[in-house]
Protein chains: 2
Amino acid sequence: MSPKITTELLKQLRQVMKSPKYVQEPVQAYIVPSGDAHQSEYIAPCDCRRAFISGFDGSAGTAIVTEQHAAMWTDGRYFLQAAHQMDNNWTLMKMGLKDTPTQEDWLVSVLPEGSKVGVDPFIIPADQWKRMSKALRSAGHDLVPVKENLIDTIWTDCPQRPCKPLITLDPSYTGVSWRDKIVALRSKMAERKVLWFVVTALDEVAWLFNLRGSDVEYNPVFFAYAVIGMNTIRLFIDGDRMMDPAVREHLQLDSTLEPEFKIQVMPYGSILSELQAVGAGLSPKEKVWLSDKASYALTEAIPKAYRYLTPYTPICIAKAVKNASETEGMRRAHIKDAVALCELFNWLEKEVVPKGTVTEIIAADKAEEFRSQQKDFVELSFATISSTGPNGAIIHYKPVPETNRTLSVNEIYLLDSGAQYKDGTTDVTRTMHFGIPSAYEKECFTYVLKGHIAVSAAIFPNGTKGHLLDSFARSALWDCGLDYLHGTGHGVGSFLNVHEGPCGISYKTFADEPLEAGMIVSDEPGYYEDGSFGVRIENVVLVIPAETKYNFKNRGSLTFEPLTLVPIQTKMIDVNLLTQKECNWVNDYHQKCREVIGAELERQGRHEALRWLIQETEPLIRVQ
Amino acid sequence: MSPKITTELLKQLRQVMKSPKYVQEPVQAYIVPSGDAHQSEYIAPCDCRRAFISGFDGSAGTAIVTEQHAAMWTDGRYFLQAAHQMDNNWTLMKMGLKDTPTQEDWLVSVLPEGSKVGVDPFIIPADQWKRMSKALRSAGHDLVPVKENLIDTIWTDCPQRPCKPLITLDPSYTGVSWRDKIVALRSKMAERKVLWFVVTALDEVAWLFNLRGSDVEYNPVFFAYAVIGMNTIRLFIDGDRMMDPAVREHLQLDSTLEPEFKIQVMPYGSILSELQAVGAGLSPKEKVWLSDKASYALTEAIPKAYRYLTPYTPICIAKAVKNASETEGMRRAHIKDAVALCELFNWLEKEVVPKGTVTEIIAADKAEEFRSQQKDFVELSFATISSTGPNGAIIHYKPVPETNRTLSVNEIYLLDSGAQYKDGTTDVTRTMHFGIPSAYEKECFTYVLKGHIAVSAAIFPNGTKGHLLDSFARSALWDCGLDYLHGTGHGVGSFLNVHEGPCGISYKTFADEPLEAGMIVSDEPGYYEDGSFGVRIENVVLVIPAETKYNFKNRGSLTFEPLTLVPIQTKMIDVNLLTQKECNWVNDYHQKCREVIGAELERQGRHEALRWLIQETEPLIRVQ
């Protein structure tokens with residue numbers, strides 16, 4: 001991977017930063033955040049402004065360009081990738097390391113007195129604006145909104161904003177109709193005494209209306225906003241996709257409905273003016289509910305006294321707790337996904353070992369091919385991380401021709417992949433060796449496995465927040481002086497975004513909501529040896545009630561049930577490092593894989609993959 | 001313990017809440033925080049306003065009185081105690097439980113529109129003022145400062161503010177002279193570009209000047225503020241204690257000194273006007289550094305643009321990392337403390353079993369007697385928690401005649417106690433049974449012990465925050481559906497407050513600073529069965545570098561070394577619930593107790609206690 005040459009682009013950007021055509025006064029720094037106007041993590045090509053200006057295309061990162069400097073903040077998952085993708089014009093700011101300055105501190109240290117720092121008010125979340133604006137002001141600088149996005153002014157071949165057809169989901173998938181979701185939302189609004197709720201996150205719009213799209217790769221969402229009143233529903237969406245009879249029928253656009261369920265469809269671009277009109281018409285005590293991560297532009301549309309901001313919206317919280325239909329769908333999706341992976345690993349073992357002809361890209365494509373054979377497959381849920389040897393240490397690696405390595409019997413292979421099925425979203429990582437792993441590789445793998453089991457088998461009281469479980473995943477690694485620089489788990493959507501709030505398992509998040517039965521998260525500790533190999537073991541797990549001897553005096557207990565049912569390579573395990581309990585966990589897990597996935601492989605007539613599954617799920621025996 | 005009857009007091013308070021003599025406009029609610037003007041956790045009798053108005057005298061709690069209601073917020077340690085001490089006028093708000101409203105939410109729910117909520121601006125920390133003021137304002141109410149403390153107006157027999165003599169500490173105890181501490185502080189101020197630092201916490205004043213006092217019971221501090229400039233030192237302190245020649249010599253008040261080390265002594269009460277004068281004389285860009293927990297009154301003295309607020313002051317952070325002299329002092333203090341406890345437990349076993357004549361109060365007094373025989377003993381470090389049977393479930397119980405139970409062979413006895421020695425501060429909890437514990441009692445004790453060991457033996461990378469270790473202490477309890485409603489550990493001062501920041505081990509604190517070698521915290525998981533018994537096992541532990549196989553790629557590893565060396569009653573342990581590793585930990589710990597404390601008992605000629613120690617430290621044998 002050679003870095004993007006950005007000298008000319010930065011020169012152009014620095015020119016428009018001073019151009020009266022775009023800015024009232026010159027800005028001495030310009031911030032290019034990662035997200036889009038919906039604060040999405042995954043974004044459409046037209047929104048990849050940070051990647052355009054810097055070359056770095058990981059899922060998280062913020063670029064800041066001043067007259068003299070260009071700097072990129074990203075987290076541990078992307079240190080290597082960003083270093084590879086950016087040229088010498090850029091300084092990499094490694095977030096999470098002790099000596100890395102915050103964006104604010106850095107700006108204060110490099111800016112001349114009384115500087116102006118520009119940012120697109122539609123792209124920056126309100127909470128971030130507030131923090132940054134305060135820090136800059138207290139150092140004598142100003143954060144200013146620049147209406148026209150300055151990257152767009154120099155991005156001559158910027159792609160069009162996508163506007164793809166919609167998929168409707170009936171309650172057999174979603175469990176609840178969109179009308180009932182509106183009713184529940186309005187009751188939450190009444191509880192908090194707010195009159196309006198503004199839906200800004202794309203997955204929240206999709207969830208609320210039981211619609212899916214494909215405007216953003218991997219995330220089945222579509223560009224839209226919604227504003228829900230106690231008696232009105234406004235959906236801001238573009239294109240002729242609202243002419244689709246199935247969509248019209250689904251949303252009952254042509255039916256005679258009680259007025260409070262009548263959906264007014266409005267142009268996507270009219271959200272700001274409509275919201276300003278709502279803001280202007282409010283009486284004292286009337287409140288508008290927004291996420292505190294909604295864009296600064298939309299938040300400013302509502303006068304401060306009328307805003308009701310929360311870190312998690314009622315939709316975000318309701319969406320996280322999967323109902324029975326969604327849980328069953330997730331189970332089905334994970335069974336199909338496991339079938340595809342058994343096929344893949346069986347194929348890899350046959351191809352790789354004798355021939356040495358499979359590259360990371362070929363393996364990733366093959367994984368997609370097997371997945372696409374499964375019922376209700378829609379697309380991948382993220383770019384497949386197919387990485388062998390040293391590439392495995394690049395945490396969010398994606399193989400490209402320049403980096404593409406051939407799988408061999410001498411290197412560890414790490415595959416982190418998943419898919420969107422109409423009934424659920426998957427995300428699974430397996431780390432395999434097709435030859436003979438070294439003792440050190442097995443040792444690291446086994447510590448990671450111990451961490452994975454410690455989380456998966458953890459029992460904890462109702463009301464526990466996920467971040468309190470993060471250290472369980474690290475304890476075995478810590479004992480030997482090893483660690484990994486990423487969180488342990490994230491919420492997973494139901495045929496929605498593969499990363500979703502408000503729960504997760506990470507040392508970094510403290511504002512997470514307590515885990516509840518029905519929530520779905522990933523459990524994915526890892527270990528990465530730069531320049532050598534990566535290990536990660538990831539299952540998607542469902543929060544379920546646990547049975548304990550004393551049950552927290554009826555407060556109730558929770559634990560996890562793995563939805564992912566793909567064998568964990570026993571060849572990589574140093575059995576003597578496992579306790580008997582851990583050994584039993586692996587054997588029970590493999591027994592379940594054999595039963596559930598075995599039956600499905602049988603049903604689909606995939607006999608070779610079934611043989612592979614049987615062989616890979618032989619019980620471990622602990623000799624001690 | 002019978003509750004305090006507060007009907008008449010509340011009537012009087014509600015009258016002054018409307019009296020033009022004290023308030024410009026009537027206040028519909030009045031907040032009585034726990035602390036004093038220095039936001040101390042332990043306070044002098046004259047500052048016990050919340051206890052005066054409510055009867056509840058635990059170390060943490062906030063009272064709010066409205067025209068109709070009186071409510072008390074406190075945490076899990078105090079639910080039972082508060083319920084016992086308060087009469088029916090009061091509603092107990094159990095913090096940490098899901099359905100308990102915050103103070104702000106509760107106020108909004110009970111207040112009539114446009115209410116004024118009063119509070120003493122010297123007592124409320126600035127960060128709390130800000131949060132509460134914002135929440136109230138957004139609901140149409142106002143938080144207003146009431147200069148005269150309304151409790152003081154009705155507290156006719158309020159005691160005098162204490163003003164006791166000072167103790168000077170030379171560098172053989174503190175490791176660093178006060179001059180060198182001032183130099184280090186000024187270098188931190190220069191780094192942050194601030195011109196003034198305001199020392200508001202009592203333990204920070206004491207630490208900075210290497211002085212100790214006894215104005216507050218258990219905490220060797222004295223009422224004072226300090227304002228440190230780049231060239232000036234102002235100490236605000238009352239009384240003739242500054243006439244003490246030892247103090248004058250220690251502070252070099254009568255020596256010819258470089259002007260920047262000359263201490264100006266000023267009256268305690270002049271801090272506000274002096275600070276206002278500092279605030280008025282500032283030029284643009286000149287900053288004043290304050291804790292964000294300093295009182296609202298002092299914070300307001302500095303115009304907003306000139307304030308530099310941080311959650312932890314540089315003194316707080318420097319004070320937490322003990323130097324070699326302090327660590328050695330802490331070791332000596334803990335050895336003496338263990339001698340006293342061996343004497344006590346030996347005495348208890350002899351008295352309790354045959355005679356049944358020892359009450360909780362007698363046992364507490366005896367513990368103090370044994371401690372006071374040790375060299376450099378100053379006072380206790382907190383009110384001894386001497387509790388048997390059901391009293392043990394009251395987490396911060398203190399025996400009083402009404403609740404005083406007799407120790408017996410049929411109940412668990414929990415003793416949480418500690419002392420201030422001139423060389424260090426101790427805090428230790430042991431849970432004992434003098435008869436035959438039930439299987440359930442042993443089971444609970446053993447889970448608590450497993451949690452204690454999990455923290456004490458934890459290995460973690462440099463830079464880890466203590467709250468990430470909290471779940472380790474709970475895991476064994478959680479597995480069986482048990483938990484405890486308090487944090488696992490707190491920072492411990494060096495002949496200073498037994499609770500100090502900025503580090504700790506608790507699921508509740510996220511703003512804690514990373515653990516560093518030299519920090520000292522407690523490790524004290526517990527289990528409490530309401531109405532039946534309490535179990536807690538507490539050691540004070542020192543953060544030390546750990547040796548690991550891979551050492552986090554030179555990031556470095558940390559672990560804990562117990563400073564407390566008092567046997568853990570093996571009779572209470574169900575050995576079969578321990579792993580071999582845990583069993584070894586107990587045996588190694590007891591071996592160390594035997595060697596270190598045994599030698600000291602021998603030296604002090606305490607042969608009976610030595611025999612008891614030897615008997616209590618017999619190795620466990622695990623039959624499995």
# chains A, B, ... in the order shown; residues from 1 in each chain; ligands from 1
call {"tool": "select_by_dssp", "arguments": {"residues": "stretch 300-340 of chain A", "states": "strand (DSSP E or B)", "output": "count of residues only"}}
result
4
call {"tool": "residues_around", "arguments": {"residues": "B:Val575", "least_positions_apart": "2", "cutoff": "10 Å", "atoms": "only C-alpha atoms", "output": "list of chain:residue names"}}
result
B:Lys442, B:Glu443, B:Thr446, B:Thr570, B:Lys571, B:Met572, B:Ile573, B:Leu577, B:Leu578, B:Thr579, B:Gln580, B:Glu582, B:Cys583, B:Leu620, B:Ile621, B:Arg622, B:Val623, B:Gln624
call {"tool": "atom_distance", "arguments": {"atom1": "atom CA of B:Leu136", "atom2": "atom CA of A:Pro303"}}
result
17.8 Å
call {"tool": "interface_residues", "arguments": {"of": "chain B", "to": "chain A", "cutoff": "10 Å", "atoms": "only C-alpha atoms", "output": "number ranges by chain"}}
result
B: 97-98, 137-140, 285, 304-308, 454, 457-461, 463-465, 467-472, 474-484, 506-511, 529, 546-559
call {"tool": "residues_around", "arguments": {"residues": "B:Leu9", "least_positions_apart": "2", "cutoff": "9 Å", "atoms": "only C-alpha atoms", "output": "MDAnalysis selection string"}}
result
chainID B and resid 5:7 11:14 52:54 154:155
call {"tool": "residues_around", "arguments": {"residues": "A:Trp73", "least_positions_apart": "5", "cutoff": "9 Å", "atoms": "only C-alpha atoms", "output": "CSV table (one decimal) with C-alpha atoms, in the first residue's frame"}}
result
chain,number,residue,atom,x,y,z
A,60,ALA,CA,-12.4,6.2,12.6
A,61,GLY,CA,-10.2,9.3,12.4
A,62,THR,CA,-10.3,13.1,12.4
A,63,ALA,CA,-8.1,15.2,10.2
A,64,ILE,CA,-7.0,18.8,11.1
A,91,THR,CA,1.4,13.6,11.4
A,92,LEU,CA,-0.2,10.6,13.0
A,93,MET,CA,-1.8,11.2,16.4
A,94,LYS,CA,-2.1,7.9,18.2
A,95,MET,CA,-5.2,8.2,20.4
A,102,THR,CA,-6.0,16.0,22.2
A,103,GLN,CA,-7.1,17.8,19.1
call {"tool": "closest_residue", "arguments": {"among": "B:Val32, B:Leu613, B:Leu195, B:Ile453", "to": "B:Asn584", "atoms": "only C-alpha atoms"}}
result
B:Ile453
call {"tool": "residues_around", "arguments": {"residues": "A:Val339", "least_positions_apart": "6", "cutoff": "9 Å", "atoms": "only C-alpha atoms", "output": "list in words"}}
result
Phe370, Arg371, Gln374, Val566, Ile597, Gly598, Glu600, Leu601, Gln604, Arg606, Ala609 and Leu610 of chain A
call {"tool": "atom_distance", "arguments": {"atom1": "atom CA of B:Ile263", "atom2": "atom CA of B:Gly493"}}
result
25.0 Å
call {"tool": "atom_distance", "arguments": {"atom1": "atom CA of B:Asn323", "atom2": "atom CA of B:Glu513"}}
result
17.7 Å
call {"tool": "closest_residue", "arguments": {"among": "B:Glu249, B:Glu113, B:Glu148, B:Asp47", "to": "B:Gln24", "atoms": "only C-alpha atoms"}}
result
B:Glu148
call {"tool": "residues_around", "arguments": {"residues": "B:Gly58", "least_positions_apart": "6", "cutoff": "10 Å", "atoms": "only C-alpha atoms", "output": "number ranges by chain"}}
result
B: 34, 42, 50-51, 74-75, 77-79, 81-82, 85, 396-398
call {"tool": "write_last_selection", "arguments": {"atoms": "all heavy atoms", "output": "CSV table (one decimal), in the first residue's frame"}}
result
chain,number,residue,atom,x,y,z
B,34,SER,N,-23.0,17.4,52.5
B,34,SER,CA,-22.3,16.6,53.5
B,34,SER,C,-21.0,17.4,54.0
B,34,SER,O,-20.7,17.3,55.2
B,34,SER,CB,-21.8,15.3,52.9
B,34,SER,OG,-21.8,14.3,53.8
B,42,TYR,N,-14.6,13.8,56.0
B,42,TYR,CA,-14.7,13.8,57.5
B,42,TYR,C,-14.7,15.2,57.9
B,42,TYR,O,-13.9,16.0,57.4
B,42,TYR,CB,-13.6,13.0,58.2
B,42,TYR,CG,-13.7,11.5,57.9
B,42,TYR,CD1,-13.3,11.0,56.7
B,42,TYR,CD2,-14.1,10.7,59.0
B,42,TYR,CE1,-13.4,9.6,56.5
B,42,TYR,CE2,-14.2,9.3,58.8
B,42,TYR,CZ,-13.8,8.8,57.6
B,42,TYR,OH,-13.9,7.4,57.4
B,50,ARG,N,-25.7,18.4,58.3
B,50,ARG,CA,-26.6,17.4,57.7
B,50,ARG,C,-27.0,16.5,58.8
B,50,ARG,O,-28.2,16.1,58.9
B,50,ARG,CB,-26.0,16.7,56.5
B,50,ARG,CG,-26.9,15.8,55.9
B,50,ARG,CD,-26.5,14.3,56.0
B,50,ARG,NE,-25.1,14.1,55.6
B,50,ARG,CZ,-24.3,13.3,56.1
B,50,ARG,NH1,-24.6,12.5,57.1
B,50,ARG,NH2,-23.0,13.1,55.6
B,51,ALA,N,-26.1,16.1,59.7
B,51,ALA,CA,-26.4,15.2,60.8
B,51,ALA,C,-27.3,15.9,61.8
B,51,ALA,O,-28.3,15.3,62.3
B,51,ALA,CB,-25.2,14.7,61.5
B,74,THR,N,-28.1,8.9,50.0
B,74,THR,CA,-26.8,8.3,50.5
B,74,THR,C,-26.6,7.0,49.7
B,74,THR,O,-27.5,6.6,48.9
B,74,THR,CB,-26.8,8.1,52.0
B,74,THR,OG1,-25.5,7.8,52.4
B,74,THR,CG2,-27.8,7.0,52.4
B,75,ASP,N,-25.4,6.4,49.9
B,75,ASP,CA,-25.0,5.3,49.1
B,75,ASP,C,-25.2,4.0,49.8
B,75,ASP,O,-25.4,4.0,51.0
B,75,ASP,CB,-23.7,5.4,48.4
B,75,ASP,CG,-22.6,5.5,49.5
B,75,ASP,OD1,-22.4,4.5,50.3
B,75,ASP,OD2,-21.9,6.6,49.6
B,77,ARG,N,-23.4,1.9,51.4
B,77,ARG,CA,-22.8,1.7,52.7
B,77,ARG,C,-23.7,2.1,53.8
B,77,ARG,O,-23.6,1.6,54.9
B,77,ARG,CB,-21.5,2.5,52.8
B,77,ARG,CG,-20.4,2.1,51.8
B,77,ARG,CD,-19.3,3.2,51.9
B,77,ARG,NE,-19.8,4.5,51.5
B,77,ARG,CZ,-19.0,5.6,51.6
B,77,ARG,NH1,-17.8,5.5,52.1
B,77,ARG,NH2,-19.4,6.8,51.3
B,78,TYR,N,-24.7,3.0,53.5
B,78,TYR,CA,-25.4,3.7,54.6
B,78,TYR,C,-26.9,3.5,54.6
B,78,TYR,O,-27.6,4.1,55.3
B,78,TYR,CB,-25.1,5.2,54.6
B,78,TYR,CG,-23.7,5.5,54.9
B,78,TYR,CD1,-22.8,6.1,54.0
B,78,TYR,CD2,-23.2,5.2,56.2
B,78,TYR,CE1,-21.5,6.4,54.4
B,78,TYR,CE2,-21.9,5.5,56.6
B,78,TYR,CZ,-21.0,6.1,55.6
B,78,TYR,OH,-19.8,6.3,56.0
B,79,PHE,N,-27.4,2.6,53.7
B,79,PHE,CA,-28.9,2.5,53.6
B,79,PHE,C,-29.5,2.1,54.9
B,79,PHE,O,-30.5,2.7,55.4
B,79,PHE,CB,-29.2,1.4,52.5
B,79,PHE,CG,-28.9,1.8,51.1
B,79,PHE,CD1,-29.0,0.8,50.1
B,79,PHE,CD2,-28.6,3.1,50.8
B,79,PHE,CE1,-28.7,1.2,48.8
B,79,PHE,CE2,-28.3,3.5,49.5
B,79,PHE,CZ,-28.4,2.5,48.5
B,81,GLN,N,-28.1,2.2,58.0
B,81,GLN,CA,-27.8,3.2,59.1
B,81,GLN,C,-28.7,4.4,58.9
B,81,GLN,O,-29.3,4.9,59.9
B,81,GLN,CB,-26.3,3.6,59.0
B,81,GLN,CG,-26.0,4.7,60.0
B,81,GLN,CD,-24.5,5.1,59.9
B,81,GLN,OE1,-23.7,4.3,59.4
B,81,GLN,NE2,-24.2,6.3,60.4
B,82,ALA,N,-28.9,4.9,57.7
B,82,ALA,CA,-29.7,6.1,57.5
B,82,ALA,C,-31.1,5.8,57.9
B,82,ALA,O,-31.8,6.6,58.5
B,82,ALA,CB,-29.6,6.6,56.1
B,85,GLN,N,-31.4,5.9,61.6
B,85,GLN,CA,-31.2,7.2,62.3
B,85,GLN,C,-32.2,8.3,62.0
B,85,GLN,O,-32.3,9.3,62.7
B,85,GLN,CB,-29.8,7.7,62.0
B,85,GLN,CG,-28.7,6.8,62.5
B,85,GLN,CD,-27.3,7.4,62.3
B,85,GLN,OE1,-27.0,7.9,61.2
B,85,GLN,NE2,-26.4,7.2,63.3
B,396,HIS,N,-21.1,0.8,57.2
B,396,HIS,CA,-20.3,1.7,58.0
B,396,HIS,C,-20.8,1.8,59.4
B,396,HIS,O,-21.0,3.0,59.9
B,396,HIS,CB,-20.1,3.0,57.3
B,396,HIS,CG,-18.9,3.0,56.4
B,396,HIS,ND1,-18.3,4.2,56.0
B,396,HIS,CD2,-18.3,2.0,55.8
B,396,HIS,CE1,-17.3,3.8,55.2
B,396,HIS,NE2,-17.3,2.5,55.0
B,397,TYR,N,-21.0,0.7,60.1
B,397,TYR,CA,-21.6,0.7,61.4
B,397,TYR,C,-20.6,1.2,62.4
B,397,TYR,O,-19.4,1.0,62.3
B,397,TYR,CB,-21.9,-0.8,61.7
B,397,TYR,CG,-22.4,-1.0,63.1
B,397,TYR,CD1,-23.7,-0.8,63.5
B,397,TYR,CD2,-21.5,-1.6,64.1
B,397,TYR,CE1,-24.1,-1.0,64.8
B,397,TYR,CE2,-21.9,-1.9,65.4
B,397,TYR,CZ,-23.2,-1.6,65.7
B,397,TYR,OH,-23.6,-1.9,67.0
B,398,LYS,N,-21.1,1.9,63.4
B,398,LYS,CA,-20.2,2.3,64.6
B,398,LYS,C,-21.0,1.9,65.8
B,398,LYS,O,-22.2,2.4,66.0
B,398,LYS,CB,-20.0,3.8,64.5
B,398,LYS,CG,-19.1,4.3,65.7
B,398,LYS,CD,-19.1,5.8,65.7
B,398,LYS,CE,-18.7,6.2,67.1
B,398,LYS,NZ,-18.6,7.7,67.2
call {"tool": "residues_around", "arguments": {"residues": "stretch 347-351 of chain B", "least_positions_apart": "5", "cutoff": "8 Å", "atoms": "only C-alpha atoms", "output": "list of chain:residue names"}}
result
B:Gly356, B:Thr357, B:Val358, B:Ala363, B:Phe434
call {"tool": "closest_residue", "arguments": {"among": "B:Gln591, B:Asn149, B:Ser255, B:Gln39", "to": "B:Glu204", "atoms": "only C-alpha atoms"}}
result
B:Gln39
call {"tool": "select_by_dssp", "arguments": {"residues": "stretch 277-503 of chain A", "states": "alpha helix (DSSP H)", "output": "ChimeraX atom specification"}}
result
/A:277-280,296-301,314-320,324-355,360-372,439-456,470-479
call {"tool": "closest_residue", "arguments": {"among": "A:His433, A:Lys336, A:His590, A:Lys375", "to": "A:Pro619", "atoms": "only C-alpha atoms"}}
result
A:His590
